[in-house]
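*Asks:* Contents are compact mmCIF, C-alpha atoms and all ligand atoms; file name input-v1.txt:
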```
# COMPACT_ATOMS: atom_id res chain seq x y z
CA MET P 1129 137.10 64.25 80.26
CA SER P 1130 136.46 66.84 82.94
CA THR P 1131 133.33 66.71 85.06
CA VAL P 1132 130.28 68.58 83.80
CA TYR P 1133 128.50 70.46 86.59
CA GLN P 1134 124.98 70.88 85.32
CA ALA P 1135 121.41 70.65 86.65
CA THR P 1136 117.91 71.05 85.21
CA ALA P 1137 114.75 71.89 87.13
CA SER P 1138 111.21 72.96 86.37
CA ALA P 1139 108.95 75.19 88.45
CA PRO P 1140 105.25 75.99 88.46
CA VAL P 1141 103.13 79.09 88.02
CA ASN P 1142 101.14 80.29 91.05
CA ILE P 1143 98.02 82.43 91.17
CA ALA P 1144 97.34 84.35 94.37
CA VAL P 1145 94.03 84.29 96.23
CA ILE P 1146 95.29 86.91 98.71
CA LYS P 1147 97.17 89.40 96.56
CA TYR P 1148 100.65 90.79 97.06
CA TRP P 1149 100.51 94.45 96.06
CA GLY P 1150 103.02 96.90 97.50
CA LYS P 1151 106.63 96.84 98.69
CA ARG P 1152 108.08 98.28 101.87
CA ASP P 1153 111.59 97.71 100.47
CA THR P 1154 111.96 97.79 96.69
CA LYS P 1155 115.54 96.49 96.56
CA LEU P 1156 115.04 93.45 98.80
CA ILE P 1157 111.43 93.07 97.56
CA LEU P 1158 109.79 93.06 100.98
CA PRO P 1159 106.00 93.29 100.75
CA THR P 1160 103.57 95.55 102.59
CA ASN P 1161 101.33 92.53 103.31
CA SER P 1162 101.40 88.75 103.40
CA SER P 1163 99.85 86.86 100.48
CA LEU P 1164 98.67 83.35 99.64
CA SER P 1165 98.50 81.41 96.39
CA VAL P 1166 97.64 78.13 94.75
CA THR P 1167 100.47 76.46 92.84
CA LEU P 1168 99.29 75.27 89.41
CA ASP P 1169 100.16 71.97 87.77
CA GLN P 1170 103.53 71.94 85.97
CA ASP P 1171 102.25 69.24 83.64
CA HIS P 1172 100.46 72.11 81.89
CA LEU P 1173 102.31 75.36 82.69
CA ARG P 1174 105.96 75.50 83.68
CA SER P 1175 109.34 77.12 83.35
CA THR P 1176 112.33 74.83 82.84
CA THR P 1177 115.90 75.94 83.55
CA THR P 1178 119.29 74.33 83.03
CA SER P 1179 122.34 75.76 84.80
CA ARG P 1180 125.96 74.84 84.27
CA ALA P 1181 129.08 76.02 86.11
CA ASP P 1182 132.41 75.73 84.32
CA PRO P 1183 135.87 77.27 84.85
CA SER P 1184 136.11 77.99 81.11
CA PHE P 1185 133.04 80.27 81.04
CA VAL P 1186 133.98 83.97 80.85
CA LYS P 1187 130.76 85.54 82.15
CA ASP P 1188 127.42 84.62 83.70
CA THR P 1189 125.05 84.30 80.75
CA LEU P 1190 121.31 83.69 80.51
CA TRP P 1191 119.21 82.63 77.53
CA LEU P 1192 115.48 83.06 77.84
CA ASN P 1193 113.46 81.04 75.33
CA GLY P 1194 116.64 80.68 73.26
CA LYS P 1195 117.52 84.38 73.20
CA GLU P 1196 120.35 85.87 75.24
CA ASP P 1197 119.06 88.15 77.98
CA GLU P 1198 121.14 90.81 79.66
CA ILE P 1199 122.17 90.20 83.29
CA LYS P 1200 122.34 93.79 84.56
CA PRO P 1201 124.91 94.32 87.32
CA GLY P 1202 123.03 94.78 90.59
CA GLY P 1203 119.75 93.83 88.95
CA ARG P 1204 117.31 91.13 90.05
CA LEU P 1205 118.91 88.29 88.07
CA ALA P 1206 122.42 89.20 89.18
CA THR P 1207 121.24 89.35 92.80
CA CYS P 1208 119.70 85.87 92.67
CA ILE P 1209 122.80 84.35 91.04
CA SER P 1210 125.22 85.98 93.50
CA GLU P 1211 123.07 85.01 96.52
CA LEU P 1212 123.09 81.37 95.38
CA LYS P 1213 126.87 81.44 94.85
CA ARG P 1214 127.29 82.93 98.32
CA LEU P 1215 125.13 80.14 99.78
CA ARG P 1216 127.18 77.52 97.90
CA GLN P 1217 130.33 78.89 99.44
CA ALA P 1218 128.91 79.21 102.96
CA THR P 1219 127.02 75.92 103.20
CA VAL P 1220 129.08 73.57 101.00
CA GLU P 1221 132.61 74.78 100.16
CA ASN P 1222 133.47 76.21 103.59
CA GLU P 1223 132.17 73.04 105.24
CA ASP P 1224 133.97 70.57 102.99
CA PRO P 1225 137.33 71.70 101.60
CA SER P 1226 137.26 68.89 99.00
CA ALA P 1227 134.03 70.20 97.43
CA PRO P 1228 134.64 71.76 94.01
CA LYS P 1229 134.68 75.57 94.16
CA LEU P 1230 131.68 75.98 91.88
CA SER P 1231 130.92 79.35 93.48
CA THR P 1232 134.00 80.75 91.75
CA TYR P 1233 132.95 79.57 88.26
CA LYS P 1234 130.76 81.56 85.90
CA VAL P 1235 127.40 80.00 85.04
CA HIS P 1236 125.47 79.50 81.84
CA ILE P 1237 121.71 79.38 82.31
CA ALA P 1238 119.03 78.52 79.76
CA SER P 1239 115.38 78.97 80.64
CA TYR P 1240 112.26 78.10 78.71
CA ASN P 1241 108.55 78.74 79.37
CA ASN P 1242 106.17 76.19 77.85
CA PHE P 1243 103.45 78.85 77.61
CA PRO P 1244 103.65 81.82 75.27
CA THR P 1245 104.19 85.24 76.84
CA ALA P 1246 101.32 86.23 74.56
CA ALA P 1247 99.03 84.07 76.74
CA GLY P 1248 99.20 86.99 79.14
CA LEU P 1249 100.40 84.81 82.00
CA ALA P 1250 103.13 86.24 84.15
CA SER P 1251 106.23 84.11 83.67
CA SER P 1252 108.38 85.87 86.26
CA ALA P 1253 107.17 83.69 89.16
CA SER P 1254 107.82 80.31 87.52
CA GLY P 1255 110.91 81.67 85.76
CA PHE P 1256 112.73 82.88 88.88
CA ALA P 1257 111.60 79.81 90.84
CA ALA P 1258 113.05 77.50 88.15
CA LEU P 1259 116.28 79.50 88.05
CA VAL P 1260 116.70 79.27 91.81
CA ALA P 1261 115.73 75.58 91.90
CA SER P 1262 118.19 74.62 89.15
CA LEU P 1263 121.13 76.53 90.68
CA ALA P 1264 120.30 75.13 94.13
CA GLN P 1265 120.44 71.65 92.61
CA LEU P 1266 123.67 72.41 90.73
CA TYR P 1267 125.26 73.69 93.95
CA ALA P 1268 123.78 70.84 96.06
CA LEU P 1269 122.61 73.40 98.61
CA PRO P 1270 121.52 71.74 101.87
CA VAL P 1271 118.70 74.23 102.47
CA SER P 1272 114.89 74.21 102.62
CA PRO P 1273 112.55 75.58 99.95
CA SER P 1274 111.71 78.39 102.42
CA THR P 1275 115.37 79.47 102.41
CA LEU P 1276 115.42 79.32 98.61
CA SER P 1277 112.20 81.34 98.55
CA ILE P 1278 114.10 84.25 100.16
CA ILE P 1279 116.36 84.31 97.10
CA ALA P 1280 113.57 83.84 94.55
CA ARG P 1281 111.70 86.71 96.25
CA GLN P 1282 114.55 89.05 95.28
CA GLY P 1283 113.98 88.10 91.63
CA SER P 1284 110.23 88.75 91.71
CA GLY P 1285 108.09 88.85 94.83
CA SER P 1286 105.48 86.35 93.68
CA ALA P 1287 108.26 83.89 92.64
CA CYS P 1288 108.91 82.97 96.28
CA ARG P 1289 105.54 81.18 96.40
CA SER P 1290 106.48 78.93 93.43
CA LEU P 1291 109.11 77.11 95.56
CA TYR P 1292 106.32 74.99 97.05
CA GLY P 1293 103.43 73.02 95.63
CA GLY P 1294 99.91 73.10 96.96
CA PHE P 1295 98.70 76.12 98.93
CA VAL P 1296 101.45 78.58 99.83
CA ALA P 1297 101.69 81.63 102.06
CA TRP P 1298 104.31 84.34 101.69
CA GLN P 1299 104.78 85.68 105.21
CA GLU P 1300 105.61 89.37 104.99
CA GLY P 1301 108.07 89.24 107.91
CA VAL P 1302 109.26 92.13 110.08
CA LEU P 1303 113.06 92.09 109.84
CA PRO P 1304 114.70 94.83 107.75
CA ASP P 1305 117.10 92.33 106.10
CA GLY P 1306 114.18 90.24 104.77
CA SER P 1307 115.38 86.99 106.36
CA ASP P 1308 111.86 86.27 107.66
CA SER P 1309 110.00 87.30 104.49
CA LEU P 1310 109.58 83.85 102.98
CA ALA P 1311 107.21 81.23 101.65
CA VAL P 1312 105.72 78.45 103.75
CA GLN P 1313 103.43 75.65 102.66
CA VAL P 1314 99.93 75.89 104.14
CA ALA P 1315 98.89 72.51 102.68
CA PRO P 1316 100.37 70.22 100.03
CA GLN P 1317 98.74 69.45 96.68
CA SER P 1318 97.65 66.04 98.04
CA HIS P 1319 95.55 67.73 100.76
CA TRP P 1320 93.02 69.18 98.30
CA PRO P 1321 93.77 67.86 94.80
CA GLU P 1322 90.16 68.54 93.77
CA ILE P 1323 90.95 72.24 93.37
CA HIS P 1324 90.99 72.94 89.65
CA ALA P 1325 91.66 76.18 87.79
CA LEU P 1326 90.37 77.58 84.53
CA ILE P 1327 92.51 80.30 83.04
CA CYS P 1328 90.44 82.49 80.77
CA VAL P 1329 92.89 84.15 78.43
CA VAL P 1330 91.46 87.53 77.58
CA SER P 1331 93.23 89.40 74.83
CA ASP P 1332 94.93 92.62 75.72
CA ASP P 1333 96.19 94.87 72.93
CA LYS P 1334 97.65 97.69 74.93
CA LYS P 1335 100.53 96.98 77.26
CA GLY P 1336 99.25 97.81 80.75
CA THR P 1337 101.08 99.12 83.80
CA SER P 1338 103.59 96.53 85.06
CA SER P 1339 103.10 95.08 88.54
CA THR P 1340 106.40 96.51 89.72
CA SER P 1341 105.64 100.13 88.82
CA GLY P 1342 101.88 99.88 89.44
CA MET P 1343 102.24 98.65 93.02
CA GLN P 1344 104.73 101.41 93.91
CA LEU P 1345 102.34 104.06 92.62
CA THR P 1346 99.65 102.48 94.79
CA VAL P 1347 101.94 102.52 97.86
CA GLU P 1348 102.71 106.21 97.26
CA THR P 1349 99.17 107.43 96.62
CA SER P 1350 96.41 105.09 97.85
CA THR P 1351 94.85 105.60 101.28
CA LEU P 1352 92.70 102.51 100.71
CA LEU P 1353 95.88 100.40 100.51
CA GLN P 1354 96.76 101.41 104.08
CA HIS P 1355 93.36 100.17 105.27
CA ARG P 1356 93.82 96.93 103.31
CA ILE P 1357 97.27 96.31 104.83
CA LYS P 1358 96.27 97.03 108.43
CA ALA P 1359 92.65 96.01 108.75
CA VAL P 1360 91.86 93.49 106.02
CA VAL P 1361 94.68 91.18 104.92
CA PRO P 1362 95.80 89.83 108.34
CA GLN P 1363 92.33 88.41 109.11
CA ARG P 1364 91.87 87.12 105.55
CA MET P 1365 95.21 85.25 105.73
CA LYS P 1366 93.99 83.45 108.85
CA ASP P 1367 90.52 82.76 107.51
CA ILE P 1368 91.58 81.45 104.11
CA SER P 1369 94.32 79.27 105.63
CA LYS P 1370 91.69 77.71 107.90
CA ALA P 1371 89.31 77.28 104.95
CA ILE P 1372 92.05 75.47 103.01
CA LEU P 1373 92.86 73.18 105.94
CA GLU P 1374 89.15 72.38 106.34
CA LYS P 1375 88.55 72.14 102.57
CA ASP P 1376 85.79 74.68 103.02
CA PHE P 1377 85.26 75.83 99.43
CA ASP P 1378 82.52 78.29 100.38
CA THR P 1379 84.84 80.39 102.56
CA PHE P 1380 87.77 79.91 100.16
CA ALA P 1381 85.66 81.24 97.26
CA ARG P 1382 84.18 84.18 99.19
CA ILE P 1383 87.58 85.42 100.39
CA THR P 1384 89.27 84.84 97.01
CA MET P 1385 86.73 86.97 95.16
CA ALA P 1386 86.67 89.66 97.86
CA ASP P 1387 90.45 89.93 97.78
CA SER P 1388 90.62 90.14 93.99
CA ASN P 1389 87.95 92.87 94.13
CA GLN P 1390 89.90 94.78 96.76
CA PHE P 1391 93.16 94.52 94.86
CA HIS P 1392 91.47 96.07 91.81
CA ALA P 1393 89.90 98.69 94.08
CA VAL P 1394 93.31 99.78 95.39
CA ALA P 1395 94.55 99.90 91.78
CA LEU P 1396 91.64 102.23 91.03
CA ASP P 1397 92.44 104.22 94.19
CA THR P 1398 95.93 104.92 92.79
CA GLU P 1399 96.82 108.33 91.37
CA PRO P 1400 96.61 108.17 88.39
CA PRO P 1401 94.15 105.25 88.54
CA ILE P 1402 95.14 101.87 87.15
CA PHE P 1403 92.63 99.64 85.34
CA TYR P 1404 93.63 96.04 84.83
CA MET P 1405 90.26 94.50 84.04
CA ASN P 1406 88.40 95.19 80.81
CA ASP P 1407 84.82 94.61 79.61
CA VAL P 1408 85.43 90.91 79.00
CA SER P 1409 86.91 90.52 82.52
CA ARG P 1410 83.83 92.18 84.01
CA ALA P 1411 81.51 90.02 81.89
CA ILE P 1412 83.21 86.89 83.30
CA ILE P 1413 82.63 88.23 86.83
CA ALA P 1414 78.94 88.72 86.01
CA VAL P 1415 78.64 85.12 84.78
CA ILE P 1416 80.34 83.68 87.88
CA VAL P 1417 78.28 85.88 90.24
CA GLU P 1418 75.05 84.70 88.63
CA TYR P 1419 76.19 81.06 88.61
CA ASN P 1420 76.98 81.26 92.34
CA ARG P 1421 73.71 83.07 93.05
CA LEU P 1422 71.70 80.21 91.53
CA SER P 1423 73.82 77.64 93.30
CA LEU P 1424 73.39 79.41 96.66
CA ALA P 1425 69.65 79.64 96.06
CA ASN P 1426 69.64 75.85 95.55
CA GLY P 1427 71.45 75.38 98.84
CA GLN P 1428 74.63 74.17 97.12
CA GLY P 1429 76.88 77.02 98.23
CA TYR P 1430 79.57 78.69 96.14
CA LYS P 1431 80.76 76.68 93.16
CA ALA P 1432 83.32 79.00 91.55
CA ALA P 1433 85.71 81.79 92.53
CA TYR P 1434 87.25 84.28 90.11
CA THR P 1435 90.50 86.12 90.64
CA TYR P 1436 92.42 88.63 88.48
CA ASP P 1437 96.06 89.71 88.58
CA ALA P 1438 97.60 92.78 86.94
CA GLY P 1439 95.86 92.14 83.61
CA PRO P 1440 92.48 91.20 82.14
CA ASN P 1441 92.77 87.37 82.40
CA ALA P 1442 90.46 85.58 84.79
CA VAL P 1443 91.47 82.54 86.79
CA ILE P 1444 88.47 80.59 88.03
CA TYR P 1445 89.01 78.20 90.92
CA ALA P 1446 86.45 75.43 91.38
CA GLU P 1447 86.18 71.91 92.71
CA GLU P 1448 86.67 69.16 90.18
CA LYS P 1449 83.06 67.96 90.47
CA ASN P 1450 81.79 71.29 89.08
CA ILE P 1451 84.45 71.99 86.49
CA LYS P 1452 82.71 70.46 83.48
CA GLU P 1453 79.60 72.54 84.14
CA ILE P 1454 81.72 75.69 84.46
CA ILE P 1455 83.64 75.02 81.24
CA GLN P 1456 80.35 74.56 79.43
CA LEU P 1457 79.03 77.78 80.96
CA ILE P 1458 82.12 79.79 79.95
CA VAL P 1459 82.21 78.30 76.45
CA SER P 1460 78.52 79.11 75.94
CA PHE P 1461 78.99 82.74 76.99
CA PHE P 1462 82.40 83.16 75.40
CA PRO P 1463 82.61 80.82 72.40
CA GLN P 1464 86.09 79.59 71.61
CA ARG P 1465 87.91 79.60 68.35
CA GLU P 1466 88.34 76.02 67.21
CA GLY P 1467 91.24 74.44 69.04
CA THR P 1468 91.72 77.13 71.67
CA PHE P 1469 90.39 75.00 74.49
CA LYS P 1470 92.70 72.20 75.49
CA ASP P 1471 91.01 69.60 77.69
CA ASN P 1472 94.18 68.90 79.69
CA LEU P 1473 92.43 66.79 82.28
CA GLY P 1474 89.98 64.90 80.10
CA VAL P 1475 86.69 65.96 81.63
CA PHE P 1476 85.01 65.62 78.25
CA ALA P 1477 84.68 62.37 76.31
CA GLN P 1478 87.34 61.93 73.67
CA GLY P 1479 86.51 63.87 70.56
CA ALA P 1480 83.72 65.79 72.29
CA GLU P 1481 82.84 69.12 70.72
CA VAL P 1482 83.56 71.75 73.35
CA ASN P 1483 84.70 74.51 71.04
CA ALA P 1484 81.61 76.34 69.92
CA GLN P 1485 81.80 77.08 66.22
CA ALA P 1486 80.25 80.51 66.58
CA ALA P 1487 82.28 83.62 65.92
CA VAL P 1488 84.57 84.40 68.80
CA PRO P 1489 83.61 87.62 70.54
CA ALA P 1490 86.39 90.13 70.45
CA GLY P 1491 88.57 89.78 73.48
CA PHE P 1492 88.41 86.08 74.35
CA ASN P 1493 91.46 84.11 73.32
CA GLY P 1494 91.30 80.76 74.99
CA LEU P 1495 90.80 78.61 78.00
CA ILE P 1496 93.36 76.54 79.91
CA HIS P 1497 92.12 73.88 82.31
CA THR P 1498 94.57 72.97 85.05
CA ARG P 1499 94.64 72.20 88.77
CA VAL P 1500 96.66 72.51 91.95
CA GLY P 1501 100.14 71.05 91.48
CA ASP P 1502 103.47 70.20 93.08
CA GLY P 1503 106.59 72.27 93.69
CA PRO P 1504 109.82 72.45 91.65
CA ARG P 1505 111.02 69.21 90.11
CA ALA P 1506 114.56 68.01 89.43
CA LEU P 1507 114.72 66.86 85.82
CA GLY P 1508 117.04 64.43 84.09
CA GLU P 1509 119.78 65.01 81.52
CA GLU P 1510 117.36 64.27 78.64
CA GLU P 1511 115.42 67.44 79.48
CA ALA P 1512 118.50 69.69 79.63
CA LEU P 1513 118.35 72.91 77.63
CA LEU P 1514 122.14 73.34 77.29
CA GLY P 1515 124.14 71.35 74.75
CA PRO P 1516 127.67 69.94 75.13
CA GLU P 1517 129.25 73.36 74.56
CA GLY P 1518 127.19 74.93 77.34
CA THR P 1519 125.01 76.92 74.94
CA PRO P 1520 121.28 76.41 74.22
CA LYS P 1521 120.46 73.26 72.25
C1 LIG P 1601 99.00 91.07 91.05
O1 LIG P 1601 105.65 89.46 91.78
O2 LIG P 1601 105.16 90.37 89.48
O3 LIG P 1601 100.23 89.08 90.57
O4 LIG P 1601 107.82 91.70 92.94
O5 LIG P 1601 107.73 93.63 91.38
O6 LIG P 1601 108.28 91.34 90.52
P1 LIG P 1601 107.52 92.16 91.55
O7 LIG P 1601 105.97 91.92 91.29
P2 LIG P 1601 105.16 90.59 90.95
O8 LIG P 1601 103.69 91.03 91.42
C2 LIG P 1601 102.61 90.15 91.39
C3 LIG P 1601 101.35 90.88 91.72
C4 LIG P 1601 100.07 90.10 91.53
C5 LIG P 1601 99.58 89.53 92.86
C6 LIG P 1601 100.26 88.28 93.39
O9 LIG P 1601 100.80 87.46 92.61
O10 LIG P 1601 100.23 88.12 94.63
```
Show me the file's structure as structure tokens.
Ligand code: DP6
*Replies:*
Amino acid sequence: MSTVYQATASAPVNIAVIKYWGKRDTKLILPTNSSLSVTLDQDHLRSTTTSRADPSFVKDTLWLNGKEDEIKPGGRLATCISELKRLRQATVENEDPSAPKLSTYKVHIASYNNFPTAAGLASSASGFAALVASLAQLYALPVSPSTLSIIARQGSGSACRSLYGGFVAWQEGVLPDGSDSLAVQVAPQSHWPEIHALICVVSDDKKGTSSTSGMQLTVETSTLLQHRIKAVVPQRMKDISKAILEKDFDTFARITMADSNQFHAVALDTEPPIFYMNDVSRAIIAVIVEYNRLSLANGQGYKAAYTYDAGPNAVIYAEEKNIKEIIQLIVSFFPQREGTFKDNLGVFAQGAEVNAQAAVPAGFNGLIHTRVGDGPRALGEEEALLGPEGTPK
């Protein structure tokens, strides 16, 4: 029997606290500013990808959640795959003539997200990170996650930050070829494991403006964005990195909320204006602001920080010691449908009633409790998504 060249990896979701919004190069996906995110726990939210290289395959093929997806020539997927093949050739095959020429074989790739797209969570970051991690494993690439992040970045900008666990900066870089626009780890998960996240899934009927097109409109029309890029983000990157290293939640929370607010302000400053938050999003802000106000008045500092991406969902970062109180607060203001809150981390006693039985207000769809997590994982054969024929199981 001939050798099967196959690898499976999973990768996490990340949610930025300093937002990436704007490209200076749309093909290479080079950003107009650096950004910083928290990697979330793959035990709860992840993308898993299996890649196989075989001389009998006739074309590179990708299945996403079991359905074949087109790999457009010159598109983001094709770029990532060809960059990884090029790296295989340069770092493995050219170095060791006995290494199998996997870079010349077509690949079959199956990818699966364990969270529904309907949850309103962007899957492009974890998806591209898992794709890059699985091909890097298949090709046995002797390179760092930062080098891999350069490739994942060309799939989707925010994906580069999912190559590391913990707290991750994407350094914008200055070189026109993008070789210094990469992710670095500010601190590992183990440095501050007490950082938890509550994802408030807010329903969204209308399909909003995508990040890719929205941010380019902002680059072309917003004067506020230029101020943000030059005068605001560089200092915030320094300050929030320091806050993370010192586990200073007060500063972390203040900067996180300010940066989310400014990102939505530059969206509003776009012509035509872009609105990502809705009434439910704004009501969650009001609850968190009031909660922090009382906590500050009691001399306890900030206890929660909200942040919003290009949609109405809130992500609330908080320290573990306050998370139960915050879940109770959110559930009391935004009652859950039975079963929509999954107590992933067991902060409530078994069988405890945390889903209020009241009617769910329009617009609130569920709550996911998770925390800071690790980077991509290599998975065993038993988790592979491709069957013996090299097609999805
Ligand atoms: C608001 O990474 O999805 O989530 O590079 O065009 O694929 P592309 O955009 P994408 O943008 C994410 C924007 C954001 C902020 C962030 O994650 O930093």
*Asks:* When you look at Ala1181 in chain P with a cut-off of 8 Å (counting only C-alpha atoms), what residues show up, excluding the ones that are within fewer than 3 positions of it in the same chain? I need them as a list in words.
*Replies:*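 The contact residues come out as Val1132, Tyr1133, Gln1134, Phe1185, Leu1230, Tyr1233, Lys1234, Val1235, His1236 and Leu1266 of chain P.
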*Asks:* Nearest residue to ligand LIG 1601 (chain P) out of P:Tyr1240, P:Trp1298, P:Tyr1267, P:Tyr1292, using all atoms listed in the file?
*Replies:*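 Nearest candidate to ligand LIG 1601 (chain P) out of P:Tyr1240, P:Trp1298, P:Tyr1267, P:Tyr1292: P:Trp1298.
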*Asks:* For a quick check of understanding, using only C-alpha atoms and all ligand atoms, which of P:Gly1285, P:Gly1202, P:Pro1401, P:Pro1225 has the smallest distance to ligand LIG 1601 (chain P)?
*Replies:*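 Ranking P:Gly1285, P:Gly1202, P:Pro1401, P:Pro1225 by distance to ligand LIG 1601 (chain P), first place goes to P:Gly1285.
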*Asks:* Could you give me, as number ranges by chain, every polymer residue with an atom at most 8 Å away from an atom of ligand LIG 1601 (chain P), counting all atoms listed in the file?
*Replies:* P: 1142-1149, 1151, 1154, 1157, 1163-1165, 1250, 1252-1253, 1281-1287, 1338-1341, 1343, 1391, 1436-1438
*Asks:* Between CA of Ile1237 in chain P and CA of Thr1189 in chain P, what distance in Å does the model show, to one decimal?
*Replies:*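 Separation between CA of Ile1237 in chain P and CA of Thr1189 in chain P: 6.1 Å.
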*Asks:* Could you please determine the separation between CA of Tyr1445 in chain P and CA of Lys1470 in chain P in Å, to one decimal place?
*Replies:*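 A separation of 17.0 Å between them.
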*Asks:* Find the residues around Thr1337 in chain P up to 12 Å (only C-alpha atoms counted), leave out those fewer than 4 positions away in its own chain, and share them as a VMD selection string.
*Replies:* chain P and resid 1341 to 1346 1395 1398 1400 to 1405 1437 to 1440
*Asks:* Can you spit out the residues from that selection as an mmCIF file, in the coordinates of the input, using C-alpha atoms?
*Replies:*
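Below you can see part_29.cif, which holds the result:
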```
data_model
loop_
_atom_site.group_PDB
_atom_site.id
_atom_site.type_symbol
_atom_site.label_atom_id
_atom_site.label_comp_id
_atom_site.auth_asym_id
_atom_site.auth_seq_id
_atom_site.Cartn_x
_atom_site.Cartn_y
_atom_site.Cartn_z
ATOM 1 C CA SER P 1341 105.640 100.130 88.820
ATOM 2 C CA GLY P 1342 101.880 99.880 89.440
ATOM 3 C CA MET P 1343 102.240 98.650 93.020
ATOM 4 C CA GLN P 1344 104.730 101.410 93.910
ATOM 5 C CA LEU P 1345 102.340 104.060 92.620
ATOM 6 C CA THR P 1346 99.650 102.480 94.790
ATOM 7 C CA ALA P 1395 94.550 99.900 91.780
ATOM 8 C CA THR P 1398 95.930 104.920 92.790
ATOM 9 C CA PRO P 1400 96.610 108.170 88.390
ATOM 10 C CA PRO P 1401 94.150 105.250 88.540
ATOM 11 C CA ILE P 1402 95.140 101.870 87.150
ATOM 12 C CA PHE P 1403 92.630 99.640 85.340
ATOM 13 C CA TYR P 1404 93.630 96.040 84.830
ATOM 14 C CA MET P 1405 90.260 94.500 84.040
ATOM 15 C CA ASP P 1437 96.060 89.710 88.580
ATOM 16 C CA ALA P 1438 97.600 92.780 86.940
ATOM 17 C CA GLY P 1439 95.860 92.140 83.610
ATOM 18 C CA PRO P 1440 92.480 91.200 82.140
#
```
*Asks:* Which residue gives the smallest distance to Trp1191 in chain P among P:Val1347, P:Lys1155, P:Val1220, P:Gly1255, with only C-alpha atoms counted?
*Replies:*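 For Trp1191 in chain P, the nearest of the candidates is P:Gly1255.
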*Asks:* Pick out the residues sitting within 10 Å of Lys1449 in chain P, and hand them over as number ranges by chain; count all atoms listed in the file, and ignore anything fewer than 6 positions along from it in its own chain.
*Replies:* P: 1322-1324, 1431, 1475
*Asks:* Just the selected residues (C-alpha atoms), exported as an mmCIF file, in the frame of the given file, please.
*Replies:*
```
data_model
loop_
_atom_site.group_PDB
_atom_site.id
_atom_site.type_symbol
_atom_site.label_atom_id
_atom_site.label_comp_id
_atom_site.auth_asym_id
_atom_site.auth_seq_id
_atom_site.Cartn_x
_atom_site.Cartn_y
_atom_site.Cartn_z
ATOM 1 C CA GLU P 1322 90.160 68.540 93.770
ATOM 2 C CA ILE P 1323 90.950 72.240 93.370
ATOM 3 C CA HIS P 1324 90.990 72.940 89.650
ATOM 4 C CA LYS P 1431 80.760 76.680 93.160
ATOM 5 C CA VAL P 1475 86.690 65.960 81.630
#
```
*Asks:* Would you mind reading off the distance between CA of Lys1187 in chain P and CA of Ser1254 in chain P, one decimal, in Å?
*Replies:* 24.1 Å
*Asks:* Give me, as a ChimeraX atom specification, all polymer residues having an atom no more than 7 Å from Val1394 in chain P, counting only C-alpha atoms and skipping those fewer than 5 positions away in the same chain.
*Replies:* /P:1346,1350,1352-1353
*Asks:* Could you give me range 1224-1235 of chain P completed to N, CA and C atoms, formatted as a CSV table (one decimal), in the coordinates of the input?
*Replies:*
```csv
chain,number,residue,atom,x,y,z
P,1224,ASP,N,133.2,71.7,103.5
P,1224,ASP,CA,134.0,70.6,103.0
P,1224,ASP,C,135.0,71.1,102.0
P,1225,PRO,N,136.3,71.1,102.4
P,1225,PRO,CA,137.3,71.7,101.6
P,1225,PRO,C,137.5,70.9,100.3
P,1226,SER,N,137.1,69.7,100.2
P,1226,SER,CA,137.3,68.9,99.0
P,1226,SER,C,136.2,69.2,98.0
P,1227,ALA,N,135.1,69.9,98.4
P,1227,ALA,CA,134.0,70.2,97.4
P,1227,ALA,C,134.5,71.1,96.3
P,1228,PRO,N,134.2,70.9,95.1
P,1228,PRO,CA,134.6,71.8,94.0
P,1228,PRO,C,134.1,73.2,94.2
P,1229,LYS,N,135.0,74.1,93.9
P,1229,LYS,CA,134.7,75.6,94.2
P,1229,LYS,C,133.8,76.1,93.1
P,1230,LEU,N,132.6,75.6,92.9
P,1230,LEU,CA,131.7,76.0,91.9
P,1230,LEU,C,131.3,77.4,92.0
P,1231,SER,N,131.3,78.0,93.3
P,1231,SER,CA,130.9,79.4,93.5
P,1231,SER,C,131.9,80.3,92.8
P,1232,THR,N,133.0,79.8,92.4
P,1232,THR,CA,134.0,80.8,91.8
P,1232,THR,C,133.9,80.7,90.2
P,1233,TYR,N,133.1,79.7,89.7
P,1233,TYR,CA,133.0,79.6,88.3
P,1233,TYR,C,131.8,80.4,87.8
P,1234,LYS,N,131.9,80.9,86.5
P,1234,LYS,CA,130.8,81.6,85.9
P,1234,LYS,C,129.7,80.5,85.5
P,1235,VAL,N,128.5,80.9,85.4
P,1235,VAL,CA,127.4,80.0,85.0
P,1235,VAL,C,126.8,80.4,83.7
```
